[in-house]
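Below is one structure, written out as structure tokens; comments come after it.
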Amino acid sequence: MGEGMIRVRVFRAADRLARALARDIARRLSATPRLVLGLPTGRTPIPFYQDLVRLYCAGLVDFSRAATFNLDEFVGLDADDPHSYRAFMRRHLFDHVNVPRRGIHFLDGAARDAARESARYERAIRRAGGIDVQILGLGVNGHIGFNEPGRALVARTHRTRLTPATRRANAALFGHRTSAVPHDALSMGMATILQARRIVLIATGASKARSVERMIRGPVTPRLPASFLQLHPNAEVWVDRAAARHMNS
Ligand code: GLP
């Protein structure tokens with residue numbers, strides 16, 4: 001009861017999860033070369049990106065007709081800033097595989113008009129035919145993208161204020177200086193995310209266990225944005241044992 005429609009897969013360890021997800025995406029790409037992927041940043045997807053690169057180097061995956069949309073970006077950083085999520089994605093994936101340049105989409109953190117930039121992104125997603133597979137990470141506080149817990153969520157792509165906890169969680173990207181982490185970000189909204197045809201949220205490590213349990217078993221609430229995945233007809237949560245540890249208690 002109360003588990004919504006979310007399907008849960010528990011893996012013995014984080015590296016197995018990453019490998020299974022890379023293989024899953026490679027299979028989808030060979031069935032649908034024009035696949036549109038929604039992609040996250042953070043530590044959790046790094047092994048998955050490494051495995052995709054490995055499959056690409058072995059000639060087992062081809063991105064030449066694929067498109068990608070990243071979930072979010074910091075405000076105030078331009079495209080070449082090494083701290084940007086765009087730079088992160090280059091480092092971990094795009095510099096090593098053959099996604100065509102024109103197929104790679106990012107929110108522009110340096111855009112002067114956030115509302116306009118957000119509307120442009122929504123249009124670009126629509127024009128690409130919508131997102132086929134949206135991969136998500138999970139904030140320790142239950143955020144997805146940069147949709148932070150609060151009294152209400154914003155449906156569409158928007159500019160948002162980051163919580164102190166989220167700024168601390170992102171400090172590693174900024175030489176471990178929380179003060180260097182921007183205060184604002186642009187993020188896909190909850191409706192943008194829920195419009196993807198399939199969603200796979202990945203969470204590994206004990207620090208995510210509490211939010212994983214609430215996301216799957218708790219009420220649907222803006223206090224835990226990831227709980228909205230319960231409303232999606234085709235959402236999966238892939239976790240390692242550490243992140244699953246509160247689910248059987
Ligand atoms: C950031 C990103 C999220 C990501 C989260 C978790 O805040 N905006 O999309 O899911 O970090 O990061 P990690 O995987 O490092 O725990």
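Order determines the names: the first chain of the structure tokens is A, the second B, and so forth; residues in each chain are numbered 1 upward, and ligands are numbered 1 upward as they are shown.
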At a cut-off of 6 Å around ligand 1, and using only C-alpha atoms and all ligand atoms, what residues come up? Please write them as a PyMOL selection string.
chain A and resi 40-44+137-139+144-146+166
DSSP on the backbone, alpha helix (DSSP H) only: what residues of region 48-218 of chain A does that give? Format it as a PyMOL selection string.
chain A and resi 48-57+85-89+114-127+164-169+190-194+209-217
Select from region 202-225 of chain A every residue with an atom at most 12 Å from any atom of region 172-194 of chain A, then for each give the shortest pair of atoms and their distance in Å to one decimal, using only C-alpha atoms, rows by chain and rising number, as JSON lines.
{"residue": "A:Thr221", "atom": "CA", "partner": "A:Met190", "partner_atom": "CA", "distance": 11.9}
{"residue": "A:Pro222", "atom": "CA", "partner": "A:Met190", "partner_atom": "CA", "distance": 9.9}
{"residue": "A:Leu224", "atom": "CA", "partner": "A:Met190", "partner_atom": "CA", "distance": 11.8}
{"residue": "A:Pro225", "atom": "CA", "partner": "A:Met190", "partner_atom": "CA", "distance": 8.0}
Name the closest residue to His92 (chain A) among the candidates A:Ile46, A:Ala114, A:Ala169, A:Ile104; distances are taken between atoms, counting only C-alpha atoms.
A:Ile46
Go through A:Ala203, A:Ala152, A:Phe106, A:Gly38 one by one, measure the shortest atom-to-atom distance of each to Val220 (chain A) using only C-alpha atoms, and give the residue with the smallest value.
A:Ala152
So that I can check the surroundings of Arg34 (chain A), please list as JSON, numbers by chain every protein, DNA and RNA residue that reaches within 10 Å of it, counting only C-alpha atoms and ignoring chain neighbours fewer than 3 positions away.
{"A": [28, 29, 30, 31, 37, 63, 64, 65, 66, 67, 103, 128, 132]}
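Those residues in region 72-240 of chain A carrying a DSSP assignment of strand (DSSP E), computed from the backbone, are Asp72, Glu73, Phe74, Ile104, His105, Val133, Gln134, Ile135, Leu136, His158, Arg159, Thr160, Arg161, Asp184, Ala185, Leu186, Ser187, Arg198, Ile199, Val200, Leu201, Ile202, Ala203, Ala235, Glu236, Val237, Trp238, Val239 and Asp240 of chain A.
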May I have the residues from that selection written out with N, CA and C atoms, as a tab-separated table (two decimals), in the first residue's frame?
chain	number	residue	atom	x	y	z
A	72	ASP	N	19.68	20.89	-15.15
A	72	ASP	CA	19.82	22.16	-14.42
A	72	ASP	C	21.20	22.76	-14.64
A	73	GLU	N	21.35	24.01	-14.20
A	73	GLU	CA	22.64	24.72	-14.32
A	73	GLU	C	22.67	25.85	-13.30
A	74	PHE	N	23.86	26.18	-12.83
A	74	PHE	CA	24.01	27.30	-11.90
A	74	PHE	C	23.83	28.63	-12.63
A	104	ILE	N	23.23	18.38	-28.06
A	104	ILE	CA	23.47	18.57	-26.61
A	104	ILE	C	22.83	19.87	-26.15
A	105	HIS	N	21.91	19.76	-25.19
A	105	HIS	CA	21.18	20.95	-24.74
A	105	HIS	C	21.43	21.23	-23.26
A	133	VAL	N	13.85	9.15	-22.03
A	133	VAL	CA	14.30	8.59	-20.75
A	133	VAL	C	14.94	9.72	-19.94
A	134	GLN	N	14.35	10.01	-18.81
A	134	GLN	CA	14.91	11.02	-17.92
A	134	GLN	C	15.62	10.31	-16.77
A	135	ILE	N	16.92	10.50	-16.69
A	135	ILE	CA	17.67	9.93	-15.56
A	135	ILE	C	17.80	11.02	-14.50
A	136	LEU	N	17.60	10.63	-13.26
A	136	LEU	CA	17.63	11.60	-12.16
A	136	LEU	C	18.55	11.13	-11.06
A	158	HIS	N	12.56	26.99	-14.54
A	158	HIS	CA	12.53	28.26	-13.81
A	158	HIS	C	13.87	28.53	-13.12
A	159	ARG	N	13.99	29.75	-12.62
A	159	ARG	CA	15.12	30.11	-11.78
A	159	ARG	C	14.75	29.85	-10.32
A	160	THR	N	15.68	29.30	-9.56
A	160	THR	CA	15.35	28.95	-8.18
A	160	THR	C	16.50	29.27	-7.24
A	161	ARG	N	16.17	29.47	-5.97
A	161	ARG	CA	17.14	29.75	-4.92
A	161	ARG	C	17.59	28.42	-4.33
A	184	ASP	N	21.84	30.72	-6.87
A	184	ASP	CA	20.68	30.45	-7.70
A	184	ASP	C	21.02	29.48	-8.82
A	185	ALA	N	19.97	28.86	-9.32
A	185	ALA	CA	20.16	27.93	-10.44
A	185	ALA	C	18.94	27.98	-11.34
A	186	LEU	N	19.12	27.46	-12.55
A	186	LEU	CA	17.98	27.23	-13.44
A	186	LEU	C	17.72	25.74	-13.42
A	187	SER	N	16.46	25.36	-13.40
A	187	SER	CA	16.15	23.92	-13.35
A	187	SER	C	14.88	23.61	-14.13
A	198	ARG	N	9.77	7.94	-19.71
A	198	ARG	CA	10.24	7.00	-18.69
A	198	ARG	C	11.21	7.74	-17.77
A	199	ILE	N	11.14	7.44	-16.50
A	199	ILE	CA	12.05	8.08	-15.54
A	199	ILE	C	12.81	7.00	-14.79
A	200	VAL	N	14.12	7.17	-14.68
A	200	VAL	CA	14.93	6.28	-13.84
A	200	VAL	C	15.69	7.16	-12.85
A	201	LEU	N	15.31	7.09	-11.57
A	201	LEU	CA	16.05	7.81	-10.54
A	201	LEU	C	17.08	6.87	-9.95
A	202	ILE	N	18.32	7.33	-9.84
A	202	ILE	CA	19.36	6.50	-9.23
A	202	ILE	C	19.83	7.14	-7.92
A	203	ALA	N	20.00	6.30	-6.91
A	203	ALA	CA	20.46	6.79	-5.62
A	203	ALA	C	21.35	5.72	-5.00
A	235	ALA	N	7.84	5.17	-13.78
A	235	ALA	CA	9.01	5.64	-13.02
A	235	ALA	C	9.66	4.47	-12.31
A	236	GLU	N	10.99	4.46	-12.35
A	236	GLU	CA	11.75	3.42	-11.67
A	236	GLU	C	12.74	4.08	-10.73
A	237	VAL	N	13.01	3.41	-9.63
A	237	VAL	CA	14.05	3.88	-8.71
A	237	VAL	C	15.07	2.76	-8.59
A	238	TRP	N	16.30	3.07	-8.97
A	238	TRP	CA	17.38	2.08	-8.90
A	238	TRP	C	18.31	2.48	-7.76
A	239	VAL	N	18.49	1.58	-6.83
A	239	VAL	CA	19.29	1.90	-5.64
A	239	VAL	C	20.28	0.78	-5.35
A	240	ASP	N	21.33	1.12	-4.61
A	240	ASP	CA	22.20	0.06	-4.08
A	240	ASP	C	21.67	-0.33	-2.68
